[in-house]
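Peer 1: See input38.tsv below, with TSV, C-alpha atoms and all ligand atoms.
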chain	number	residue	atom	x	y	z
A	1	MET	CA	0.00	0.00	0.00
A	2	ILE	CA	1.28	3.51	-0.81
A	3	ILE	CA	1.38	6.32	1.75
A	4	ARG	CA	-1.44	8.33	0.15
A	5	ASP	CA	-3.83	5.34	0.21
A	6	ALA	CA	-2.80	4.43	3.76
A	7	LEU	CA	-3.63	7.94	4.89
A	8	LYS	CA	-7.00	7.85	3.16
A	9	LYS	CA	-7.86	4.43	4.54
A	10	GLY	CA	-6.72	5.39	8.04
A	11	THR	CA	-8.81	8.55	7.89
A	12	ASP	CA	-11.90	6.52	6.95
A	13	ILE	CA	-11.30	4.04	9.77
A	14	ILE	CA	-10.93	6.78	12.38
A	15	LYS	CA	-13.88	8.72	10.98
A	16	SER	CA	-16.14	5.67	11.20
A	17	ALA	CA	-15.45	5.57	14.95
A	18	GLY	CA	-16.91	9.09	15.22
A	19	ILE	CA	-13.61	10.74	16.11
A	20	GLU	CA	-13.55	14.44	15.30
A	21	THR	CA	-10.21	15.01	13.58
A	22	PRO	CA	-9.68	11.84	11.52
A	23	THR	CA	-7.20	13.09	8.90
A	24	LEU	CA	-5.02	14.71	11.51
A	25	GLU	CA	-4.98	11.64	13.73
A	26	ALA	CA	-4.39	9.16	10.89
A	27	GLY	CA	-1.51	11.40	9.79
A	28	VAL	CA	-0.02	11.48	13.27
A	29	ILE	CA	-0.20	7.68	13.57
A	30	LEU	CA	1.28	7.19	10.11
A	31	CYS	CA	4.15	9.59	10.88
A	32	HIS	CA	4.79	7.66	14.09
A	33	VAL	CA	4.91	4.31	12.29
A	34	LEU	CA	7.18	5.62	9.55
A	35	GLY	CA	9.37	7.66	11.91
A	36	ARG	CA	8.91	10.63	9.58
A	37	ASP	CA	7.33	14.08	9.88
A	38	LYS	CA	4.11	15.35	8.32
A	39	ILE	CA	5.87	17.02	5.40
A	40	TYR	CA	7.40	13.69	4.42
A	41	ILE	CA	4.06	11.88	4.19
A	42	TYR	CA	2.56	14.65	2.07
A	43	THR	CA	5.55	14.81	-0.29
A	44	HIS	CA	6.08	11.03	-0.61
A	45	GLY	CA	2.50	9.93	-1.25
A	46	ASP	CA	3.58	7.33	-3.83
A	47	ASN	CA	6.08	5.56	-1.59
A	48	GLU	CA	5.20	2.02	-0.56
A	49	LEU	CA	4.84	1.10	3.11
A	50	GLN	CA	6.83	-1.98	4.15
A	51	PRO	CA	4.54	-4.88	5.14
A	52	SER	CA	5.63	-4.56	8.78
A	53	GLN	CA	4.82	-0.84	8.75
A	54	GLU	CA	1.44	-1.50	7.21
A	55	GLU	CA	0.64	-4.10	9.83
A	56	LYS	CA	1.72	-1.80	12.66
A	57	TYR	CA	-0.27	1.10	11.22
A	58	PHE	CA	-3.55	-0.79	11.10
A	59	GLU	CA	-2.94	-2.25	14.54
A	60	LEU	CA	-2.50	1.25	15.96
A	61	LEU	CA	-5.55	2.57	14.10
A	62	LYS	CA	-7.54	-0.19	15.77
A	63	LYS	CA	-6.16	0.85	19.12
A	64	ARG	CA	-7.23	4.44	18.42
A	65	THR	CA	-10.78	3.44	17.42
A	66	SER	CA	-11.07	1.46	20.66
A	67	GLY	CA	-10.67	4.77	22.53
A	68	VAL	CA	-6.95	5.02	23.26
A	69	PRO	CA	-5.94	8.69	22.77
A	70	VAL	CA	-3.54	9.29	19.92
A	71	GLN	CA	-1.02	10.80	22.37
A	72	HIS	CA	-0.84	7.50	24.26
A	73	ILE	CA	-0.20	5.72	20.97
A	74	THR	CA	2.68	7.97	19.96
A	75	GLY	CA	3.78	8.76	23.54
A	76	THR	CA	4.12	12.45	22.72
A	77	GLN	CA	2.19	15.70	22.64
A	78	GLU	CA	3.32	19.10	21.47
A	79	PHE	CA	2.74	22.04	23.83
A	80	MET	CA	3.91	25.62	23.30
A	81	SER	CA	5.69	24.26	20.18
A	82	LEU	CA	7.83	21.95	22.33
A	83	PRO	CA	7.72	18.14	22.41
A	84	PHE	CA	6.51	16.43	25.59
A	85	ARG	CA	6.57	12.76	26.48
A	86	VAL	CA	3.28	11.56	27.91
A	87	ASN	CA	2.10	8.36	29.58
A	88	GLU	CA	-0.62	7.05	31.88
A	89	HIS	CA	0.86	8.94	34.85
A	90	VAL	CA	0.29	12.43	33.47
A	91	LEU	CA	-2.53	14.52	32.07
A	92	ILE	CA	-2.03	15.02	28.35
A	93	PRO	CA	-1.15	18.70	27.82
A	94	ARG	CA	-4.15	20.61	26.43
A	95	GLN	CA	-3.90	23.51	24.03
A	96	ASP	CA	-6.11	25.58	26.39
A	97	THR	CA	-3.33	25.47	28.96
A	98	GLU	CA	-1.09	27.46	26.61
A	99	ILE	CA	-3.21	30.48	27.65
A	100	LEU	CA	-2.06	29.93	31.23
A	101	VAL	CA	1.60	29.86	30.17
A	102	GLU	CA	1.12	32.94	27.99
A	103	THR	CA	-0.57	34.81	30.87
A	104	VAL	CA	2.49	34.20	33.04
A	105	MET	CA	4.93	35.11	30.24
A	106	GLU	CA	3.08	38.35	29.56
A	107	TRP	CA	3.06	39.32	33.26
A	108	VAL	CA	6.77	38.59	33.64
A	109	LYS	CA	7.53	40.63	30.51
A	110	ASN	CA	5.67	43.62	31.98
A	111	GLN	CA	7.60	43.61	35.27
A	112	LYS	CA	10.33	46.14	35.74
A	113	THR	CA	12.87	43.47	36.66
A	114	GLN	CA	16.23	43.53	34.90
A	115	SER	CA	16.83	40.69	32.51
A	116	GLN	CA	19.59	39.33	34.79
A	117	ASP	CA	17.20	39.19	37.80
A	118	LYS	CA	15.93	35.72	38.57
A	119	VAL	CA	12.23	35.16	38.10
A	120	LYS	CA	11.15	32.49	40.57
A	121	ILE	CA	8.11	30.45	39.63
A	122	MET	CA	6.34	27.60	41.41
A	123	ASP	CA	4.18	25.18	39.37
A	124	ILE	CA	1.74	23.23	41.54
A	125	GLY	CA	0.70	19.86	40.08
A	126	THR	CA	3.22	19.88	37.27
A	127	GLY	CA	2.17	16.55	35.71
A	128	SER	CA	4.05	16.15	32.41
A	129	GLY	CA	5.91	19.35	33.28
A	130	CYS	CA	4.42	21.12	30.28
A	131	ILE	CA	3.88	24.41	32.16
A	132	ALA	CA	7.16	24.36	34.09
A	133	VAL	CA	9.26	23.34	31.10
A	134	SER	CA	7.75	25.80	28.66
A	135	LEU	CA	8.07	28.67	31.17
A	136	ALA	CA	11.72	27.72	31.74
A	137	TYR	CA	12.24	27.50	27.99
A	138	TYR	CA	10.64	30.83	27.07
A	139	ILE	CA	11.68	32.87	30.14
A	140	GLY	CA	15.46	32.57	30.08
A	141	ASN	CA	16.04	34.03	33.57
A	142	SER	CA	13.37	31.93	35.27
A	143	PHE	CA	13.95	29.34	37.99
A	144	ILE	CA	11.13	26.92	38.53
A	145	THR	CA	10.01	24.77	41.44
A	146	ALA	CA	7.78	22.04	40.03
A	147	VAL	CA	5.61	20.20	42.56
A	148	ASP	CA	3.52	17.05	42.18
A	149	ILE	CA	1.91	14.43	44.40
A	150	SER	CA	2.86	11.69	41.94
A	151	GLU	CA	6.45	10.40	41.82
A	152	MET	CA	5.80	8.95	38.37
A	153	ALA	CA	4.57	12.29	37.08
A	154	LEU	CA	7.69	13.96	38.45
A	155	ARG	CA	9.84	11.40	36.69
A	156	THR	CA	8.10	12.18	33.41
A	157	ALA	CA	8.39	15.93	34.00
A	158	ARG	CA	12.11	15.57	34.66
A	159	LEU	CA	12.58	13.68	31.38
A	160	ASN	CA	10.71	16.44	29.59
A	161	ALA	CA	12.89	19.09	31.22
A	162	GLU	CA	16.00	17.22	30.10
A	163	ALA	CA	14.71	16.70	26.56
A	164	ASN	CA	14.02	20.43	26.27
A	165	ASN	CA	17.37	21.41	27.84
A	166	VAL	CA	15.97	23.26	30.85
A	167	ALA	CA	16.57	20.71	33.63
A	168	ASP	CA	19.24	22.94	35.19
A	169	ARG	CA	16.62	25.59	36.00
A	170	ILE	CA	13.87	23.35	37.42
A	171	ILE	CA	13.75	21.75	40.87
A	172	PHE	CA	11.27	18.92	41.32
A	173	ILE	CA	9.54	18.39	44.66
A	174	HIS	CA	7.33	15.49	45.67
A	175	SER	CA	4.49	17.05	47.65
A	176	ASN	CA	0.74	17.17	47.98
A	177	LEU	CA	0.22	20.85	47.06
A	178	PHE	CA	2.28	22.88	49.58
A	179	GLU	CA	2.12	20.26	52.35
A	180	ASP	CA	5.53	18.63	52.02
A	181	ILE	CA	7.49	21.51	50.56
A	182	PRO	CA	10.64	22.03	52.68
A	183	SER	CA	10.62	25.16	54.81
A	184	GLU	CA	13.48	26.79	52.89
A	185	TYR	CA	11.03	27.29	50.05
A	186	PHE	CA	8.70	29.40	52.20
A	187	GLY	CA	9.10	33.07	52.95
A	188	GLY	CA	7.60	34.98	50.07
A	189	LEU	CA	10.25	33.88	47.62
A	190	TYR	CA	8.25	33.44	44.51
A	191	ASP	CA	7.36	35.93	41.81
A	192	VAL	CA	4.73	33.61	40.39
A	193	ILE	CA	2.68	30.61	41.44
A	194	VAL	CA	1.00	28.85	38.54
A	195	SER	CA	-1.27	25.82	38.51
A	196	ASN	CA	-3.60	23.78	36.38
A	197	PRO	CA	-5.10	21.81	39.27
A	198	PRO	CA	-7.64	18.99	39.03
A	199	TYR	CA	-10.96	20.80	38.61
A	200	ILE	CA	-13.63	18.37	37.45
A	201	PRO	CA	-16.39	17.90	40.05
A	202	THR	CA	-16.20	14.25	41.20
A	203	GLU	CA	-19.73	13.47	40.00
A	204	ASP	CA	-18.99	14.76	36.47
A	205	ILE	CA	-16.03	12.48	35.87
A	206	LYS	CA	-18.18	9.61	34.72
A	207	HIS	CA	-19.61	11.82	31.95
A	208	LEU	CA	-16.23	12.75	30.45
A	209	GLN	CA	-15.29	11.28	27.08
A	210	LYS	CA	-13.59	7.90	27.25
A	211	GLU	CA	-10.19	9.26	26.17
A	212	VAL	CA	-10.14	11.51	29.26
A	213	ARG	CA	-12.03	9.32	31.74
A	214	CYS	CA	-10.02	6.17	31.09
A	215	PHE	CA	-6.60	7.48	30.13
A	216	ASP	CA	-5.89	10.71	31.99
A	217	PRO	CA	-4.99	9.99	35.61
A	218	LEU	CA	-7.92	10.50	37.98
A	219	VAL	CA	-5.64	12.32	40.42
A	220	ALA	CA	-5.16	15.00	37.73
A	221	LEU	CA	-8.89	15.43	37.09
A	222	ASP	CA	-10.85	15.08	40.33
A	223	GLY	CA	-11.39	18.49	41.89
A	224	GLY	CA	-13.62	17.25	44.72
A	225	GLN	CA	-17.35	17.68	45.19
A	226	ASP	CA	-17.68	21.09	43.53
A	227	GLY	CA	-14.44	20.97	41.55
A	228	LEU	CA	-13.01	23.86	43.56
A	229	GLU	CA	-11.19	21.99	46.32
A	230	PHE	CA	-7.69	22.66	44.99
A	231	TYR	CA	-8.38	26.33	44.30
A	232	ARG	CA	-9.35	26.83	47.95
A	233	ALA	CA	-6.22	25.02	49.14
A	234	ILE	CA	-3.89	26.91	46.79
A	235	ILE	CA	-5.42	30.35	47.37
A	236	ASN	CA	-5.35	29.86	51.17
A	237	ARG	CA	-1.64	29.06	51.26
A	238	ALA	CA	-0.25	31.00	48.29
A	239	ASP	CA	0.80	34.02	50.35
A	240	ASP	CA	3.27	31.92	52.37
A	241	PHE	CA	5.25	31.57	49.16
A	242	LEU	CA	4.46	34.58	46.98
A	243	LYS	CA	6.27	37.89	47.16
A	244	PRO	CA	3.96	40.86	47.79
A	245	GLY	CA	2.74	41.84	44.32
A	246	GLY	CA	3.57	38.36	42.99
A	247	LEU	CA	1.25	36.66	40.53
A	248	LEU	CA	-1.05	33.71	41.14
A	249	ALA	CA	-2.30	32.29	37.82
A	250	LEU	CA	-4.77	29.40	37.77
A	251	GLU	CA	-6.38	27.47	34.96
A	252	VAL	CA	-10.09	26.95	35.58
A	253	GLY	CA	-12.78	24.72	34.10
A	254	PHE	CA	-15.89	25.81	32.23
A	255	GLY	CA	-18.06	28.06	34.41
A	256	GLN	CA	-15.60	28.21	37.33
A	257	ALA	CA	-13.94	31.58	36.69
A	258	ASP	CA	-16.31	33.69	38.81
A	259	ALA	CA	-16.14	31.30	41.76
A	260	VAL	CA	-12.33	31.21	41.65
A	261	ALA	CA	-12.12	35.01	41.29
A	262	ALA	CA	-14.40	35.28	44.35
A	263	LEU	CA	-12.07	33.01	46.34
A	264	MET	CA	-9.14	35.28	45.43
A	265	LYS	CA	-10.92	38.48	46.43
A	266	GLY	CA	-9.59	40.03	49.63
A	267	LYS	CA	-6.14	38.46	49.35
A	268	PHE	CA	-5.36	39.34	45.76
A	269	GLU	CA	-5.72	42.46	43.65
A	270	ASP	CA	-5.90	43.13	39.93
A	271	ILE	CA	-7.89	39.92	39.48
A	272	ARG	CA	-8.26	39.09	35.78
A	273	LYS	CA	-10.04	36.44	33.75
A	274	THR	CA	-8.56	35.40	30.44
A	275	LYS	CA	-10.48	33.55	27.74
A	276	ASP	CA	-9.22	30.60	25.73
A	277	LEU	CA	-9.50	30.23	21.94
A	278	SER	CA	-13.10	29.00	22.26
A	279	GLY	CA	-14.06	32.11	24.21
A	280	ILE	CA	-14.30	30.27	27.55
A	281	GLU	CA	-12.85	31.99	30.63
A	282	ARG	CA	-9.89	29.69	31.21
A	283	VAL	CA	-7.42	31.52	33.43
A	284	VAL	CA	-7.97	33.52	36.59
A	285	SER	CA	-5.01	35.52	37.85
A	286	GLY	CA	-4.32	38.07	40.53
A	287	CYS	CA	-1.45	39.64	42.44
A	288	ARG	CA	-0.76	39.18	46.12
A	289	GLU	CA	-1.75	42.38	47.86
A	290	THR	CA	1.22	44.63	48.52
A	291	ALA	CA	-0.20	46.67	51.42
A	292	LEU	CA	-0.45	44.18	54.27
A	301	LIG	N1	-8.79	20.23	30.96
A	301	LIG	C1	-9.07	18.90	31.42
A	301	LIG	C2	-10.37	18.45	30.81
A	301	LIG	O1	-11.35	19.16	30.88
A	301	LIG	C3	-9.15	18.82	32.91
A	301	LIG	C4	-7.86	19.11	33.52
A	301	LIG	C5	-7.97	19.52	34.93
A	301	LIG	O2	-8.84	19.09	35.71
A	301	LIG	N2	-7.10	20.38	35.27
A	301	LIG	O3	-10.42	17.40	30.25
Before we go any further, please render this structure as structure tokens.
Ligand code: GLN
Peer 2:
Amino acid sequence: MIIRDALKKGTDIIKSAGIETPTLEAGVILCHVLGRDKIYIYTHGDNELQPSQEEKYFELLKKRTSGVPVQHITGTQEFMSLPFRVNEHVLIPRQDTEILVETVMEWVKNQKTQSQDKVKIMDIGTGSGCIAVSLAYYIGNSFITAVDISEMALRTARLNAEANNVADRIIFIHSNLFEDIPSEYFGGLYDVIVSNPPYIPTEDIKHLQKEVRCFDPLVALDGGQDGLEFYRAIINRADDFLKPGGLLALEVGFGQADAVAALMKGKFEDIRKTKDLSGIERVVSGCRETAL
């Protein structure tokens, strides 16, 4: 079978399973099997697949139609134009979360700090490390503390930091939120605290699509009864770590922005809500009050 026909056939197979972006996903799987990039498959449409490649391709398409996310098939996901390894221990990076990273980058850019000043950032619930690694990558003078309750997630995040050449500016800490963070990290040290915490209300998890419900780790999704449990915990403790005037930036789920902004009121000023590409309020941010 030639590449062009394989792509067409793969697209049809994925489409028949009701998956939304069939051409894209068939292309990604084909690239993975061939070990080539997208440009190659579109410029070498007449090349024959080897029988072993063909067999592997259809096997993986079957896996995809059974509900396995394409990122678990290839083991990678791009985020902020950087490659990230993913597995069953981490939430697959979502494009929406790029808004959170951009919010932090924009705030840092607008500070009057000199370029040689360190920008200290804490990422709570780092997962794959997509937020910590991309902030380290794009903010050259940043130093990141990446925290997660899962040792396996931290291991994955560390690999991603190494693969993107920023491991020397990220410290990884095994902790449930702030609970087990060593005391030397306290004391209003941080310019920014950022987090994409679990925010799905427990009862709603069973209604999520199979790809999320069965393949993203529950510990990365379950935000307690009303989905706001981790926002309360983070907002209550953030001032032990944040410098006065420092930024707290949180990703929120659909319909949660007002509730999270209300939780921040009183302790934070300049509270802002930022929309994602679908027009949904996705990030709530605010600065620790300076006059205490
Ligand atoms: N954005 C994920 C989803 O809706 C949830 C991630 C989270 O709870 N932080 O599938």
Peer 1: Throw together the list of residues within 12 Å of ligand LIG 301 (chain A), counting only C-alpha atoms and all ligand atoms, and drop it here as an mmCIF file with C-alpha atoms, keeping the file's coordinate frame.
Peer 2:
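This went into selection_12.cif:
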data_model
loop_
_atom_site.group_PDB
_atom_site.id
_atom_site.type_symbol
_atom_site.label_atom_id
_atom_site.label_comp_id
_atom_site.auth_asym_id
_atom_site.auth_seq_id
_atom_site.Cartn_x
_atom_site.Cartn_y
_atom_site.Cartn_z
ATOM 1 C CA VAL A 90 0.290 12.430 33.470
ATOM 2 C CA LEU A 91 -2.530 14.520 32.070
ATOM 3 C CA ILE A 92 -2.030 15.020 28.350
ATOM 4 C CA PRO A 93 -1.150 18.700 27.820
ATOM 5 C CA ARG A 94 -4.150 20.610 26.430
ATOM 6 C CA GLN A 95 -3.900 23.510 24.030
ATOM 7 C CA ASP A 96 -6.110 25.580 26.390
ATOM 8 C CA THR A 97 -3.330 25.470 28.960
ATOM 9 C CA GLU A 98 -1.090 27.460 26.610
ATOM 10 C CA LEU A 100 -2.060 29.930 31.230
ATOM 11 C CA ILE A 124 1.740 23.230 41.540
ATOM 12 C CA GLY A 125 0.700 19.860 40.080
ATOM 13 C CA THR A 126 3.220 19.880 37.270
ATOM 14 C CA GLY A 127 2.170 16.550 35.710
ATOM 15 C CA SER A 195 -1.270 25.820 38.510
ATOM 16 C CA ASN A 196 -3.600 23.780 36.380
ATOM 17 C CA PRO A 197 -5.100 21.810 39.270
ATOM 18 C CA PRO A 198 -7.640 18.990 39.030
ATOM 19 C CA TYR A 199 -10.960 20.800 38.610
ATOM 20 C CA ILE A 200 -13.630 18.370 37.450
ATOM 21 C CA PRO A 201 -16.390 17.900 40.050
ATOM 22 C CA THR A 202 -16.200 14.250 41.200
ATOM 23 C CA ASP A 204 -18.990 14.760 36.470
ATOM 24 C CA ILE A 205 -16.030 12.480 35.870
ATOM 25 C CA LYS A 206 -18.180 9.610 34.720
ATOM 26 C CA HIS A 207 -19.610 11.820 31.950
ATOM 27 C CA LEU A 208 -16.230 12.750 30.450
ATOM 28 C CA GLN A 209 -15.290 11.280 27.080
ATOM 29 C CA LYS A 210 -13.590 7.900 27.250
ATOM 30 C CA GLU A 211 -10.190 9.260 26.170
ATOM 31 C CA VAL A 212 -10.140 11.510 29.260
ATOM 32 C CA ARG A 213 -12.030 9.320 31.740
ATOM 33 C CA CYS A 214 -10.020 6.170 31.090
ATOM 34 C CA PHE A 215 -6.600 7.480 30.130
ATOM 35 C CA ASP A 216 -5.890 10.710 31.990
ATOM 36 C CA PRO A 217 -4.990 9.990 35.610
ATOM 37 C CA LEU A 218 -7.920 10.500 37.980
ATOM 38 C CA VAL A 219 -5.640 12.320 40.420
ATOM 39 C CA ALA A 220 -5.160 15.000 37.730
ATOM 40 C CA LEU A 221 -8.890 15.430 37.090
ATOM 41 C CA ASP A 222 -10.850 15.080 40.330
ATOM 42 C CA GLY A 223 -11.390 18.490 41.890
ATOM 43 C CA GLY A 224 -13.620 17.250 44.720
ATOM 44 C CA ASP A 226 -17.680 21.090 43.530
ATOM 45 C CA GLY A 227 -14.440 20.970 41.550
ATOM 46 C CA LEU A 228 -13.010 23.860 43.560
ATOM 47 C CA GLU A 229 -11.190 21.990 46.320
ATOM 48 C CA PHE A 230 -7.690 22.660 44.990
ATOM 49 C CA TYR A 231 -8.380 26.330 44.300
ATOM 50 C CA LEU A 250 -4.770 29.400 37.770
ATOM 51 C CA GLU A 251 -6.380 27.470 34.960
ATOM 52 C CA VAL A 252 -10.090 26.950 35.580
ATOM 53 C CA GLY A 253 -12.780 24.720 34.100
ATOM 54 C CA PHE A 254 -15.890 25.810 32.230
ATOM 55 C CA GLY A 255 -18.060 28.060 34.410
ATOM 56 C CA GLN A 256 -15.600 28.210 37.330
ATOM 57 C CA ASP A 276 -9.220 30.600 25.730
ATOM 58 C CA ILE A 280 -14.300 30.270 27.550
ATOM 59 C CA ARG A 282 -9.890 29.690 31.210
ATOM 60 C CA VAL A 283 -7.420 31.520 33.430
#
Peer 1: Given all atoms listed in the file as the basis, pick out the residue of A:Val70, A:Leu61, A:Leu49, A:Leu135 nearest to Ile2 of chain A.
Peer 2: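 Going through A:Val70, A:Leu61, A:Leu49, A:Leu135 one by one, the smallest distance to Ile2 of chain A is for A:Leu49.
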Peer 1: So that I can check the surroundings of His72 of chain A, please list as a list of chain:residue names every protein, DNA and RNA residue that reaches within 7 Å of it, counting all atoms listed in the file and ignoring chain neighbours fewer than 4 positions away.
Peer 2: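 The residues that qualify are A:Val68, A:Val86, A:Asn87.
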Peer 1: Find the residues around Arg85 of chain A up to 7 Å (only C-alpha atoms counted), leave out those fewer than 5 positions away in its own chain, and share them as a PyMOL selection string.
Peer 2: chain A and resi 75-77+160
Peer 1: Considering only C-alpha atoms, return as a list in words whatever protein or nucleic-acid residues lie within 7 Å of Ala257 of chain A, sequence-local ones (same chain, fewer than 4 positions apart) excluded.
Peer 2: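 The filter keeps Val252, Ala261, Lys273, Glu281 and Val284 of chain A.
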Peer 1: Quote the spacing between atom CA of Asp240 of chain A and atom CA of Ala161 of chain A in Å to one decimal place.
Peer 2: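 Computing the Euclidean distance for atom CA of Asp240 of chain A and atom CA of Ala161 of chain A yields 26.5 Å.
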Peer 1: Using all atoms listed in the file, which residue out of A:Leu82, A:Ala136, A:Leu247, A:Leu263 lies closest to Ile235 of chain A?
Peer 2: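 Closest residue, counting all atoms listed in the file: A:Leu263.
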Peer 1: List the spatial neighbours of Asn176 of chain A as a list in words - criterion: any atom at most 8 Å away, all atoms listed in the file, same-chain residues fewer than 6 positions off excluded.
Peer 2: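 Non-adjacent residues within range: Val147, Asp148 and Ile149 of chain A.
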Peer 1: So how many Å separate atom CA of Lys38 of chain A and atom CA of Gln71 of chain A, to one decimal?
Peer 2: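 Here the two named atoms are 15.6 Å from each other.
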Peer 1: Measuring atom to atom with only C-alpha atoms, identify which of A:Ser278, A:Ser52, A:Thr290, A:Ser285 is nearest to Pro244 of chain A.
Peer 2: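 When distances to Pro244 of chain A are compared using only C-alpha atoms, the smallest one comes from A:Thr290.
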Peer 1: Return the single residue from A:Leu277, A:Gly129, A:His44, A:Ile173 that is closest to His89 of chain A, with distances computed using all atoms listed in the file.
Peer 2: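 Using all atoms listed in the file, His89 of chain A sits closest to A:Gly129.
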Peer 1: Which residues come within 6 Å of Asp191 of chain A, counting all atoms listed in the file, excluding same-chain residues fewer than 4 positions away, as a CSV table (one decimal) with C-alpha atoms, keeping the file's coordinate frame?
Peer 2:
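File selection.csv, as written:
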chain,number,residue,atom,x,y,z
A,120,LYS,CA,11.2,32.5,40.6
A,121,ILE,CA,8.1,30.4,39.6
A,243,LYS,CA,6.3,37.9,47.2
A,246,GLY,CA,3.6,38.4,43.0
Peer 1: Please measure the separation of atom CA of Tyr57 of chain A and atom CA of Ala157 of chain A, giving the value in Å to one decimal.
Peer 2: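 Going from atom CA of Tyr57 of chain A over to atom CA of Ala157 of chain A, I get 28.5 Å.
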Peer 1: Would you mind telling me which residue in A:Ser66, A:Asn47, A:Thr21, A:Thr103 lies nearest to Arg272 of chain A when using all atoms listed in the file?
Peer 2: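 Of A:Ser66, A:Asn47, A:Thr21, A:Thr103, the one nearest Arg272 of chain A is A:Thr103, counting all atoms listed in the file.
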Peer 1: May I ask which of the residues A:Lys62, A:Ile13, A:Val192, A:Met264 is the closest one to Trp107 of chain A, counting all atoms listed in the file?
Peer 2: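 Once distances to Trp107 of chain A are computed over all atoms listed in the file, the minimum belongs to A:Val192.
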Peer 1: Determine, counting only C-alpha atoms, every residue of protein, DNA or RNA that lies within 6 Å of (-3.0, 38.6, 39.2) in the file coordinates, then give the result as a PyMOL selection string.
Peer 2: chain A and resi 247-248+270-271+285-287
